[in-house]
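Engineer: The structure file query36.cif (mmCIF, C-alpha atoms) is provided below.
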data_input
#
loop_
_atom_site.label_atom_id
_atom_site.label_comp_id
_atom_site.auth_asym_id
_atom_site.auth_seq_id
_atom_site.Cartn_x
_atom_site.Cartn_y
_atom_site.Cartn_z
CA MET A 1 128.24 193.78 20.91
CA SER A 2 124.65 192.66 20.45
CA ILE A 3 122.92 189.59 21.71
CA HIS A 4 121.52 189.12 18.19
CA LYS A 5 124.96 188.07 16.96
CA GLN A 6 125.46 185.53 19.71
CA LEU A 7 122.37 183.31 19.39
CA PRO A 8 120.62 181.76 16.38
CA ILE A 9 117.64 183.81 15.22
CA VAL A 10 114.29 182.18 14.41
CA VAL A 11 111.86 184.53 12.64
CA ILE A 12 108.12 183.95 12.24
CA VAL A 13 106.76 185.43 9.00
CA GLY A 14 103.60 185.31 6.95
CA ARG A 15 100.81 187.50 5.73
CA VAL A 16 98.55 189.31 8.19
CA ASN A 17 96.33 187.48 10.66
CA VAL A 18 97.56 183.91 10.19
CA GLY A 19 98.44 183.42 13.89
CA LYS A 20 102.10 184.51 14.07
CA SER A 21 101.73 186.37 17.36
CA THR A 22 99.80 183.48 18.94
CA LEU A 23 102.69 181.12 18.12
CA PHE A 24 105.24 183.67 19.38
CA ASN A 25 103.41 184.04 22.70
CA ARG A 26 103.28 180.27 23.13
CA LEU A 27 107.04 179.94 22.62
CA ALA A 28 108.40 183.19 24.11
CA SER A 29 109.64 183.16 27.70
CA ASP A 30 109.55 186.91 28.39
CA ALA A 31 108.13 189.30 25.80
CA HIS A 32 104.54 188.96 24.60
CA THR A 33 102.98 190.35 21.47
CA ILE A 34 99.37 191.41 21.19
CA ALA A 35 97.32 188.63 19.64
CA TYR A 36 94.01 190.09 18.49
CA ASP A 37 91.68 189.04 15.69
CA THR A 38 92.29 192.15 13.58
CA PRO A 39 94.71 192.34 10.62
CA GLY A 40 97.86 194.38 11.15
CA VAL A 41 97.96 194.41 14.97
CA THR A 42 101.68 193.56 15.08
CA ARG A 43 103.62 196.46 13.54
CA ASP A 44 107.12 196.46 14.97
CA MET A 45 109.34 193.41 15.14
CA VAL A 46 109.15 191.86 18.61
CA PHE A 47 111.70 189.37 19.87
CA ASP A 48 112.63 187.40 22.95
CA LYS A 49 115.53 185.23 24.02
CA THR A 50 113.91 181.88 24.70
CA GLN A 51 114.79 178.18 24.68
CA TRP A 52 113.44 174.77 23.77
CA GLN A 53 114.91 171.67 25.39
CA ASN A 54 117.72 173.79 26.86
CA CYS A 55 118.67 175.14 23.43
CA ALA A 56 118.68 178.96 23.50
CA PHE A 57 117.77 181.14 20.53
CA ILE A 58 116.24 184.50 19.62
CA LEU A 59 112.60 184.26 18.55
CA ALA A 60 111.21 187.13 16.46
CA ASP A 61 107.62 187.99 15.55
CA THR A 62 107.06 190.25 12.56
CA GLY A 63 104.22 192.28 11.14
CA GLY A 64 102.37 190.71 8.24
CA ILE A 65 104.45 190.82 5.07
CA SER A 66 102.89 192.39 2.01
CA ILE A 67 104.95 191.82 -1.12
CA THR A 68 102.95 194.44 -2.99
CA LYS A 69 104.30 197.91 -2.29
CA THR A 70 101.92 200.34 -0.65
CA LYS A 71 101.73 204.11 -0.28
CA ASP A 72 100.69 203.82 3.38
CA PRO A 73 103.82 204.92 5.37
CA ILE A 74 103.00 202.64 8.32
CA GLU A 75 102.55 199.59 6.08
CA GLN A 76 105.80 200.47 4.32
CA GLU A 77 107.61 200.51 7.66
CA ILE A 78 106.08 197.17 8.68
CA ARG A 79 107.17 195.59 5.40
CA THR A 80 110.69 197.04 5.66
CA LYS A 81 111.19 195.81 9.22
CA ALA A 82 109.91 192.33 8.42
CA LEU A 83 112.32 192.10 5.47
CA ASP A 84 115.18 193.33 7.67
CA ALA A 85 114.35 190.58 10.17
CA LEU A 86 114.52 187.99 7.40
CA GLN A 87 117.97 189.18 6.34
CA ASN A 88 119.26 188.43 9.87
CA ALA A 89 117.37 185.15 10.29
CA ASP A 90 119.03 181.75 10.60
CA ILE A 91 115.71 179.89 10.44
CA VAL A 92 112.34 181.10 9.11
CA LEU A 93 108.97 179.78 10.23
CA PHE A 94 106.72 180.63 7.28
CA MET A 95 103.16 180.47 8.56
CA ILE A 96 100.02 180.09 6.46
CA ASP A 97 96.37 179.82 7.48
CA GLY A 98 95.29 176.20 7.20
CA ALA A 99 91.62 177.15 7.37
CA ILE A 100 91.97 179.22 4.18
CA GLY A 101 94.75 177.50 2.29
CA LEU A 102 97.41 179.00 0.04
CA THR A 103 96.71 182.46 -1.29
CA PRO A 104 98.48 184.33 -4.11
CA GLU A 105 100.19 186.40 -1.42
CA ASP A 106 101.50 183.20 0.24
CA HIS A 107 102.98 182.13 -3.11
CA ASP A 108 104.67 185.54 -3.45
CA ILE A 109 106.17 185.28 0.04
CA ALA A 110 107.42 181.76 -0.74
CA LYS A 111 109.22 183.08 -3.86
CA LEU A 112 110.87 185.80 -1.77
CA LEU A 113 112.04 183.30 0.84
CA ARG A 114 113.52 180.98 -1.79
CA ARG A 115 115.59 183.85 -3.18
CA MET A 116 116.94 184.64 0.30
CA GLY A 117 118.35 181.14 0.70
CA LYS A 118 117.26 180.71 4.34
CA LYS A 119 116.30 177.47 6.07
CA ILE A 120 112.49 177.50 5.80
CA PHE A 121 109.88 175.54 7.74
CA LEU A 122 106.32 175.85 6.40
CA VAL A 123 103.94 176.07 9.36
CA VAL A 124 100.30 175.38 8.54
CA ASN A 125 98.31 176.88 11.40
CA LYS A 126 94.74 176.13 12.53
CA THR A 127 94.92 172.36 12.00
CA ASP A 128 91.91 172.08 14.31
CA TYR A 129 89.74 173.00 11.28
CA ALA A 130 88.37 170.00 9.37
CA ILE A 131 89.31 171.39 5.95
CA THR A 132 92.99 171.80 6.87
CA LYS A 133 94.02 168.36 5.49
CA GLU A 134 93.30 169.52 1.95
CA HIS A 135 95.27 172.72 2.54
CA ILE A 136 98.22 170.82 3.98
CA ASP A 137 98.43 168.93 0.70
CA GLU A 138 98.47 172.33 -1.07
CA GLY A 139 101.30 173.49 1.17
CA LEU A 140 103.47 170.52 0.24
CA SER A 141 103.62 171.92 -3.29
CA LEU A 142 105.82 174.77 -2.02
CA GLY A 143 108.65 172.31 -1.36
CA PHE A 144 109.43 173.32 2.24
CA PRO A 145 109.45 170.92 5.22
CA LEU A 146 105.83 171.19 6.46
CA TYR A 147 104.43 171.04 9.98
CA GLY A 148 100.76 171.33 10.85
CA ILE A 149 100.00 173.04 14.16
CA SER A 150 97.34 174.78 16.19
CA ALA A 151 99.04 177.80 17.74
CA THR A 152 95.96 178.43 19.90
CA HIS A 153 95.73 174.93 21.36
CA GLY A 154 99.39 173.91 21.18
CA ARG A 155 98.94 170.94 18.83
CA GLY A 156 101.95 170.03 16.72
CA ILE A 157 104.22 172.57 18.43
CA GLU A 158 106.54 169.93 19.89
CA GLU A 159 107.19 168.27 16.51
CA LEU A 160 107.85 171.65 14.89
CA MET A 161 110.24 172.86 17.58
CA ASN A 162 112.13 169.56 17.74
CA ALA A 163 112.85 170.00 14.02
CA VAL A 164 113.90 173.63 14.58
CA ILE A 165 116.26 172.64 17.40
CA LYS A 166 117.82 169.90 15.27
CA GLU A 167 118.56 172.55 12.64
CA ILE A 168 119.87 175.01 15.25
CA GLU A 169 122.37 172.40 16.44
CA HIS A 170 124.12 172.74 13.06
CA ILE A 171 124.56 176.51 13.55
CA GLU A 172 127.89 177.44 15.10
CA PRO A 173 127.06 178.74 18.58
CA GLY A 174 128.25 182.11 19.82
CA SER A 175 128.90 183.11 23.40
CA VAL A 176 125.65 183.53 25.31
CA GLU A 177 125.53 186.65 27.45
CA ASP A 178 122.43 187.97 29.16
CA HIS A 179 121.55 191.63 29.19
CA ALA A 180 122.87 193.60 32.16
CA TYR A 181 119.57 195.29 32.99
CA ARG A 182 116.23 196.27 31.49
CA VAL A 183 114.93 199.77 30.73
CA ALA A 184 111.29 200.48 29.78
CA ILE A 185 110.28 203.69 28.01
CA ILE A 186 106.73 204.71 28.96
CA GLY A 187 104.42 207.69 28.58
CA LYS A 188 101.27 208.98 26.96
CA PRO A 189 100.74 208.57 23.20
CA ASN A 190 102.74 210.82 20.87
CA VAL A 191 105.24 212.24 23.38
CA GLY A 192 108.29 210.95 21.47
CA LYS A 193 108.94 207.52 22.97
CA SER A 194 109.63 205.78 19.67
CA SER A 195 111.80 208.65 18.42
CA LEU A 196 113.82 208.40 21.62
CA MET A 197 114.14 204.62 21.25
CA ASN A 198 115.50 205.01 17.72
CA MET A 199 117.96 207.74 18.79
CA LEU A 200 119.32 205.64 21.66
CA LEU A 201 119.72 202.60 19.41
CA LYS A 202 121.05 204.77 16.57
CA LYS A 203 118.80 202.95 14.13
CA GLU A 204 115.15 202.88 13.05
CA ARG A 205 113.85 200.21 15.42
CA SER A 206 110.41 201.55 16.34
CA ILE A 207 107.95 202.86 13.78
CA VAL A 208 107.57 206.64 14.12
CA ALA A 209 104.65 208.58 12.66
CA ASP A 210 102.97 211.86 13.52
CA MET A 211 99.91 210.21 14.97
CA PRO A 212 99.11 208.70 18.37
CA GLY A 213 99.02 204.92 18.81
CA THR A 214 101.70 204.00 16.25
CA THR A 215 103.40 201.64 18.72
CA ARG A 216 100.89 198.94 19.60
CA GLU A 217 103.00 196.58 21.67
CA ALA A 218 106.17 196.59 23.71
CA VAL A 219 109.15 196.55 21.32
CA SER A 220 112.60 195.60 22.62
CA ASP A 221 116.17 195.82 21.39
CA PHE A 222 119.64 195.97 22.88
CA VAL A 223 122.11 198.83 23.20
CA THR A 224 125.65 198.50 24.52
CA PHE A 225 126.98 201.07 26.97
CA TYR A 226 130.08 200.70 29.14
CA GLN A 227 130.45 197.17 27.68
CA GLU A 228 127.05 196.15 29.05
CA ASP A 229 124.11 194.97 26.93
CA ILE A 230 121.05 196.93 28.06
CA LYS A 231 117.59 195.81 27.00
CA LEU A 232 115.51 198.83 25.92
CA THR A 233 111.76 198.46 25.56
CA ASP A 234 109.51 200.98 23.82
CA THR A 235 105.90 200.67 25.01
CA PRO A 236 102.50 201.68 23.65
CA GLY A 237 101.21 205.03 24.86
CA ILE A 238 99.19 204.79 28.08
CA ARG A 239 96.05 206.90 28.17
CA ARG A 240 93.69 207.62 31.05
CA LYS A 241 91.69 204.53 31.93
CA ARG A 242 88.32 206.05 31.04
CA GLY A 243 89.72 207.00 27.63
CA VAL A 244 90.66 203.39 26.84
CA THR A 245 87.56 201.76 25.37
CA HIS A 246 88.61 199.59 22.42
CA PRO A 247 89.74 196.03 23.32
CA LEU A 248 92.94 196.52 21.30
CA GLU A 249 93.79 199.62 23.34
CA GLN A 250 93.22 197.67 26.54
CA LEU A 251 95.73 195.07 25.35
CA MET A 252 98.19 197.86 24.49
CA VAL A 253 97.96 199.24 28.04
CA LYS A 254 98.52 195.75 29.48
CA SER A 255 101.57 195.37 27.24
CA ALA A 256 103.03 198.62 28.61
CA LEU A 257 102.33 197.65 32.22
CA ARG A 258 104.01 194.25 31.69
CA ALA A 259 107.10 196.09 30.42
CA ILE A 260 107.16 198.18 33.62
CA ASP A 261 106.95 195.00 35.71
CA ALA A 262 109.89 193.47 33.83
CA ALA A 263 112.10 196.59 33.93
CA HIS A 264 114.75 197.68 36.40
CA ILE A 265 114.62 201.31 35.23
CA VAL A 266 111.57 203.13 33.87
CA ILE A 267 111.94 206.21 31.66
CA LEU A 268 108.82 208.36 31.66
CA VAL A 269 108.78 210.57 28.57
CA VAL A 270 106.55 213.64 28.83
CA ASP A 271 105.74 216.50 26.48
CA GLY A 272 107.56 219.44 28.06
CA SER A 273 105.65 221.89 25.87
CA GLU A 274 102.47 221.10 27.82
CA GLY A 275 103.97 222.94 30.80
CA VAL A 276 102.88 220.46 33.46
CA LEU A 277 102.71 216.73 34.06
CA SER A 278 99.21 215.37 33.67
CA ASP A 279 97.51 213.45 36.46
CA GLN A 280 98.06 210.32 34.39
CA GLU A 281 101.82 210.95 34.19
CA ILE A 282 102.07 211.62 37.92
CA LYS A 283 100.22 208.35 38.55
CA LEU A 284 102.52 206.48 36.16
CA ALA A 285 105.63 207.80 37.93
CA PHE A 286 104.16 206.99 41.34
CA TYR A 287 103.10 203.51 40.19
CA ALA A 288 106.56 202.66 38.86
CA PHE A 289 108.54 204.20 41.74
CA GLU A 290 106.41 203.63 44.83
CA GLU A 291 104.37 200.55 43.98
CA LYS A 292 106.64 198.58 41.64
CA HIS A 293 109.91 199.87 43.15
CA LYS A 294 111.52 200.67 39.81
CA ALA A 295 114.14 203.35 39.31
CA VAL A 296 112.53 206.28 37.48
CA ILE A 297 113.91 208.88 35.08
CA ILE A 298 111.58 211.60 33.75
CA LEU A 299 112.57 213.03 30.37
CA PHE A 300 110.91 216.33 29.46
CA ASN A 301 110.88 216.12 25.66
CA LYS A 302 110.13 218.79 23.02
CA GLN A 303 112.28 221.43 24.72
CA ASP A 304 112.43 223.24 21.37
CA LEU A 305 108.79 224.21 22.04
CA VAL A 306 109.13 225.07 25.74
CA THR A 307 108.62 228.69 26.84
CA ASP A 308 109.49 230.49 30.09
CA GLU A 309 105.82 230.21 31.03
CA HIS A 310 105.97 226.44 30.65
CA LYS A 311 109.04 226.31 32.91
CA ALA A 312 107.31 228.43 35.57
CA LEU A 313 104.25 226.16 35.54
CA LEU A 314 106.44 223.07 35.95
CA GLU A 315 108.31 224.62 38.89
CA GLN A 316 104.99 225.32 40.62
CA GLN A 317 103.85 221.74 40.05
CA SER A 318 107.14 220.36 41.34
CA LEU A 319 106.43 222.02 44.71
CA LEU A 320 103.10 220.18 44.93
CA TYR A 321 104.62 216.77 44.19
CA ASP A 322 108.08 217.24 45.69
CA HIS A 323 107.66 214.05 47.77
CA LEU A 324 107.96 212.15 44.48
CA LEU A 325 109.60 214.48 41.95
CA ASP A 326 112.55 215.30 44.24
CA LYS A 327 113.40 211.58 44.37
CA VAL A 328 113.36 210.72 40.66
CA ALA A 329 115.98 211.66 38.09
CA LYS A 330 115.00 214.33 35.54
CA LEU A 331 116.43 215.64 32.28
CA SER A 332 115.18 218.09 29.62
CA ILE A 333 115.66 216.86 26.04
CA SER A 334 114.55 217.42 22.47
CA CYS A 335 114.37 214.47 20.09
CA LYS A 336 113.89 216.99 17.28
CA THR A 337 117.07 219.05 17.88
CA GLY A 338 119.08 216.36 19.71
CA LYS A 339 119.39 218.47 22.88
CA ASN A 340 120.83 216.40 25.76
CA ILE A 341 120.21 213.08 23.95
CA GLY A 342 123.88 212.25 24.57
CA LYS A 343 123.32 212.60 28.32
CA ILE A 344 120.60 209.96 28.55
CA MET A 345 122.70 206.78 28.46
CA PRO A 346 125.21 208.15 31.03
CA LEU A 347 122.23 209.06 33.25
CA ILE A 348 120.75 205.56 32.87
CA HIS A 349 124.14 204.11 33.80
CA GLU A 350 124.42 206.40 36.86
CA VAL A 351 120.96 205.37 38.07
CA TRP A 352 121.81 201.69 37.60
CA GLU A 353 125.00 202.18 39.61
CA ARG A 354 122.95 203.81 42.39
CA MET A 355 120.65 200.79 42.42
CA GLN A 356 123.71 198.72 43.38
CA PHE A 357 124.30 200.88 46.49
CA GLN A 358 125.32 198.81 49.51
CA ILE A 359 125.93 199.76 53.12
CA SER A 360 127.06 197.58 56.02
CA GLU A 361 124.69 196.61 58.80
CA THR A 362 126.90 198.38 61.36
CA GLU A 363 127.02 201.66 59.45
CA LEU A 364 123.32 201.58 58.61
CA THR A 365 122.24 200.80 62.19
CA MET A 366 124.49 203.50 63.58
CA PHE A 367 123.19 206.07 61.10
CA PHE A 368 119.51 205.39 61.86
CA ASN A 369 120.19 205.36 65.61
CA GLU A 370 121.76 208.80 65.31
CA GLN A 371 118.78 210.17 63.37
CA LEU A 372 116.22 208.68 65.73
CA THR A 373 118.10 209.94 68.79
CA ARG A 374 118.10 213.43 67.28
CA ARG A 375 114.44 213.17 66.36
CA PRO A 376 112.48 210.35 68.07
CA LEU A 377 109.43 209.03 66.24
CA TYR A 378 106.05 208.50 67.90
CA LYS A 379 102.80 206.70 67.17
CA ASN A 380 99.77 207.32 69.39
CA LYS A 381 102.09 209.24 71.75
CA GLN A 382 104.25 206.14 72.14
CA ALA A 383 107.92 206.31 71.16
CA LEU A 384 108.91 203.85 68.46
CA THR A 385 111.70 201.44 69.28
CA PHE A 386 114.39 200.65 66.74
CA TYR A 387 117.09 197.99 67.17
CA ARG A 388 119.00 197.48 63.94
CA ALA A 389 118.91 197.79 60.16
CA LYS A 390 120.31 195.46 57.54
CA GLN A 391 120.38 195.78 53.75
CA ILE A 392 119.14 192.51 52.28
CA ARG A 393 119.23 193.21 48.52
CA VAL A 394 119.97 195.68 45.74
CA ALA A 395 117.95 196.73 42.66
CA PRO A 396 115.82 197.77 44.43
CA ILE A 397 117.68 198.74 47.59
CA THR A 398 115.86 196.80 50.31
CA ILE A 399 116.46 197.39 54.03
CA GLN A 400 115.20 195.19 56.82
CA LEU A 401 114.36 197.05 60.02
CA THR A 402 114.22 195.20 63.33
CA VAL A 403 111.81 197.13 65.54
CA GLY A 404 109.70 196.76 68.66
CA HIS A 405 106.20 197.01 67.20
CA PRO A 406 106.11 196.81 63.35
CA PRO A 407 102.47 197.99 62.90
CA TYR A 408 103.45 201.40 64.35
CA TRP A 409 105.95 201.95 61.55
CA GLU A 410 103.74 203.40 58.87
CA LYS A 411 104.38 205.43 55.72
CA THR A 412 105.20 208.64 57.61
CA GLN A 413 107.77 207.00 59.89
CA LEU A 414 109.41 205.06 57.06
CA GLY A 415 109.39 208.19 54.93
CA PHE A 416 111.51 209.93 57.58
CA LEU A 417 114.18 207.21 57.37
CA ASP A 418 113.99 207.30 53.56
CA ASN A 419 114.60 211.07 53.53
CA GLN A 420 117.48 210.83 56.00
CA LEU A 421 119.18 208.17 53.91
CA ARG A 422 118.80 210.26 50.75
CA SER A 423 120.20 213.34 52.50
CA LYS A 424 123.42 211.48 53.26
CA TYR A 425 123.86 209.42 50.07
CA THR A 426 123.26 210.20 46.39
CA LEU A 427 120.23 208.07 45.60
CA ILE A 428 118.36 210.21 43.06
CA GLY A 429 116.19 208.08 40.81
CA VAL A 430 116.19 204.89 42.88
CA PRO A 431 113.53 203.58 45.27
CA ILE A 432 114.21 202.35 48.80
CA VAL A 433 112.14 199.48 50.14
CA PHE A 434 111.76 198.87 53.88
CA VAL A 435 110.89 195.46 55.31
CA LEU A 436 109.81 195.33 58.97
CA ARG A 437 110.77 192.59 61.38
CA LYS A 438 109.75 192.31 65.02
CA ALA A 439 112.62 192.07 67.49
CA PHE A 440 112.74 188.61 69.06
CA GLY A 441 111.46 188.60 72.64
CA LYS A 442 110.50 192.29 72.54
#
Now that the file is in, can you turn its structure into structure tokens?
Structural biologist:
Amino acid sequence: MSIHKQLPIVVIVGRVNVGKSTLFNRLASDAHTIAYDTPGVTRDMVFDKTQWQNCAFILADTGGISITKTKDPIEQEIRTKALDALQNADIVLFMIDGAIGLTPEDHDIAKLLRRMGKKIFLVVNKTDYAITKEHIDEGLSLGFPLYGISATHGRGIEELMNAVIKEIEHIEPGSVEDHAYRVAIIGKPNVGKSSLMNMLLKKERSIVADMPGTTREAVSDFVTFYQEDIKLTDTPGIRRKRGVTHPLEQLMVKSALRAIDAAHIVILVVDGSEGVLSDQEIKLAFYAFEEKHKAVIILFNKQDLVTDEHKALLEQQSLLYDHLLDKVAKLSISCKTGKNIGKIMPLIHEVWERMQFQISETELTMFFNEQLTRRPLYKNKQALTFYRAKQIRVAPITIQLTVGHPPYWEKTQLGFLDNQLRSKYTLIGVPIVFVLRKAFGK
């Protein structure tokens, strides 16, 4: 069951660089596409469940449509995915550039849309340009209901969306179900993230090519496992900060980091044939697990290229970073041969179940008391006082500690409690967050 079949779908289309992503970002409630003044920035279809005046729908942004066939494999993929989006659309927002007016390519797109029989709204963008009035008159010749807007400044958006909502009200509604949880796939460029995304979805969702930087923005879709809709997000490759110089690359990194923030579970895909995790990958895992408190799964891809020497190097590195790597979930895979791909969704489900771990206040307090009696903790030669512990939330597991002097409970002391809890319960892959509270009157 997919969320796409439950809500009306509104697709934004048009040729390259007419402002589609700017309009999408203004309307979307969650996902954001990269809006940058360079043709062809949006490659994959990006969508978000959003609403206008309490009317929910799926909003999709597409790469610029080129009716003329091309030999460029990336452009072919962009065109194919945009056309696929149109096949599933209930309503199409056909955007043209009001500062330029109708082009031969716009006329070709209009012919295609007429043949598809969809409900079309012609959106003339950039109405803040003085010449736009003449181009609006041109647009009327296409025969579609026309709305002039400025996606950048928000002018005309309300009139357009009120018309869209009125049309949506005639579409028979399906049952609205939210996704169960969100999973972000991250990693360096060209480690196999998009291939993995496509294999998990069992369809060609992300564009895959043998070159780094193919995915330029976070791309999401839904997969159903154990009768739960899971939102999967493929992200642009994250390079070392000093290697990111172009403004577009900077936006790509921000897109990936936003996906981490929005996720419950982060999958870090690494190239297992490199033998070791790079400093950047260690930092990414630490950032997601320790700073953002996301569950983390590391997938060592390209196992078809891994040698015994690579395995030995990784074992040595694991000893250096055991404080992190022993806590996250790990799996060796090969997107090329399919090795262990079938184990990934069950592992994601297991980690999500662990994030729901709950323990009573009585049991938790008793357990920590036992550990601290066996091994008292000190700060500046002063014994730390502990009174009780209470779990206050899940996903992430968050435990409130009532103690005598909170400032004395630093990373080392909290790490001891974290390790003791993990030694008793199976919590691989999930973070534990401690919140300190001073005992009243102590």
Engineer: Pick out the residues sitting within 10 Å of Leu401 in chain A, and hand them over as a PDB file with C-alpha atoms, in the frame of the given file; count only C-alpha atoms, and ignore anything fewer than 4 positions along from it in its own chain.
Structural biologist:
ATOM      1  CA  THR A 365     122.240 200.800  62.190  1.00  0.00           C
ATOM      2  CA  PHE A 368     119.510 205.390  61.860  1.00  0.00           C
ATOM      3  CA  PHE A 386     114.390 200.650  66.740  1.00  0.00           C
ATOM      4  CA  TYR A 387     117.090 197.990  67.170  1.00  0.00           C
ATOM      5  CA  ARG A 388     119.000 197.480  63.940  1.00  0.00           C
ATOM      6  CA  ALA A 389     118.910 197.790  60.160  1.00  0.00           C
ATOM      7  CA  LYS A 390     120.310 195.460  57.540  1.00  0.00           C
ATOM      8  CA  GLN A 391     120.380 195.780  53.750  1.00  0.00           C
ATOM      9  CA  PRO A 406     106.110 196.810  63.350  1.00  0.00           C
ATOM     10  CA  TRP A 409     105.950 201.950  61.550  1.00  0.00           C
ATOM     11  CA  LEU A 414     109.410 205.060  57.060  1.00  0.00           C
ATOM     12  CA  PHE A 434     111.760 198.870  53.880  1.00  0.00           C
ATOM     13  CA  VAL A 435     110.890 195.460  55.310  1.00  0.00           C
ATOM     14  CA  LEU A 436     109.810 195.330  58.970  1.00  0.00           C
ATOM     15  CA  ARG A 437     110.770 192.590  61.380  1.00  0.00           C
ATOM     16  CA  LYS A 438     109.750 192.310  65.020  1.00  0.00           C
ATOM     17  CA  ALA A 439     112.620 192.070  67.490  1.00  0.00           C
TER      18      ALA A 439
END
Engineer: Which distance in Å separates CA of Phe357 in chain A and CA of Ala295 in chain A, to one decimal?
Structural biologist: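 According to the coordinates, CA of Phe357 in chain A and CA of Ala295 in chain A are separated by 12.7 Å.
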Engineer: Where does the PyMOL selection byres ((chain A and resi 159-168) around 7) land in this file, that is, which residues does it pick, as an MDAnalysis selection string?
Structural biologist: chainID A and resid 8 55 147 156:158 169:171
Engineer: So, counting all atoms listed in the file, which residue among A:Thr103, A:Thr235, A:Thr385, A:Thr426 is closest to Val351 in chain A?
Structural biologist: A:Thr426
Engineer: Between A:Ile297, A:Leu83, A:Ile230, A:Leu23, single out the one closest to His153 in chain A, counting all atoms listed in the file.
Structural biologist: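 Among A:Ile297, A:Leu83, A:Ile230, A:Leu23, it is A:Leu23 that comes nearest to His153 in chain A.
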Engineer: Please evaluate the PyMOL selection byres ((chain A and resi 108-117) around 12) against the structure above and give the resulting residues as a PyMOL selection string.
Structural biologist: chain A and resi 11+13-16+64-68+79+82-96+102-107+118-122+139-144
Engineer: As an NGL selection string, please: the residues near range 336-345 of chain A (cut-off 8 Å, all atoms listed in the file, same-chain neighbours under 2 positions excluded).
Structural biologist: :A and (199-200 or 225 or 302-304 or 331-334 or 347-349)
Engineer: How big is the axis-aligned box, and where does its centre sit, when it encloses all atoms of range 401-420 of chain A listed in the file and has 3 Å added on every side, reported in Å to one decimal as JSON?
Structural biologist:
{"center_x": 110.0, "center_y": 203.1, "center_z": 61.1, "size_x": 21.0, "size_y": 21.9, "size_z": 21.1}
Engineer: Counting all atoms listed in the file, which residue out of A:Arg354, A:Lys379, A:Arg26, A:Lys330 sits closest to Ser150 in chain A?
Structural biologist: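 Nearest to Ser150 in chain A: A:Arg26.
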Engineer: Excluding Asp97 in chain A and its own-chain neighbours fewer than 5 positions away, which residues fall within 7 Å of it when counting only C-alpha atoms? Please give them as a ChimeraX atom specification.
Structural biologist: /A:18,124-126
Engineer: If you count all atoms listed in the file, which residues fall within 10 Å of Leu305 in chain A, apart from same-chain ones fewer than 3 positions away, as a list in words?
Structural biologist: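 The contact residues come out as Asp271, Gly272, Ser273, Glu274, Asn301, Lys302, His310 and Ser334 of chain A.
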Engineer: Using the chain letters and residue numbers of this document, give as a PyMOL selection string the residues selected by the PyMOL selection byres ((chain A and resi 433) around 9).
Structural biologist: chain A and resi 290+293+396-400+418+431-432+434-435
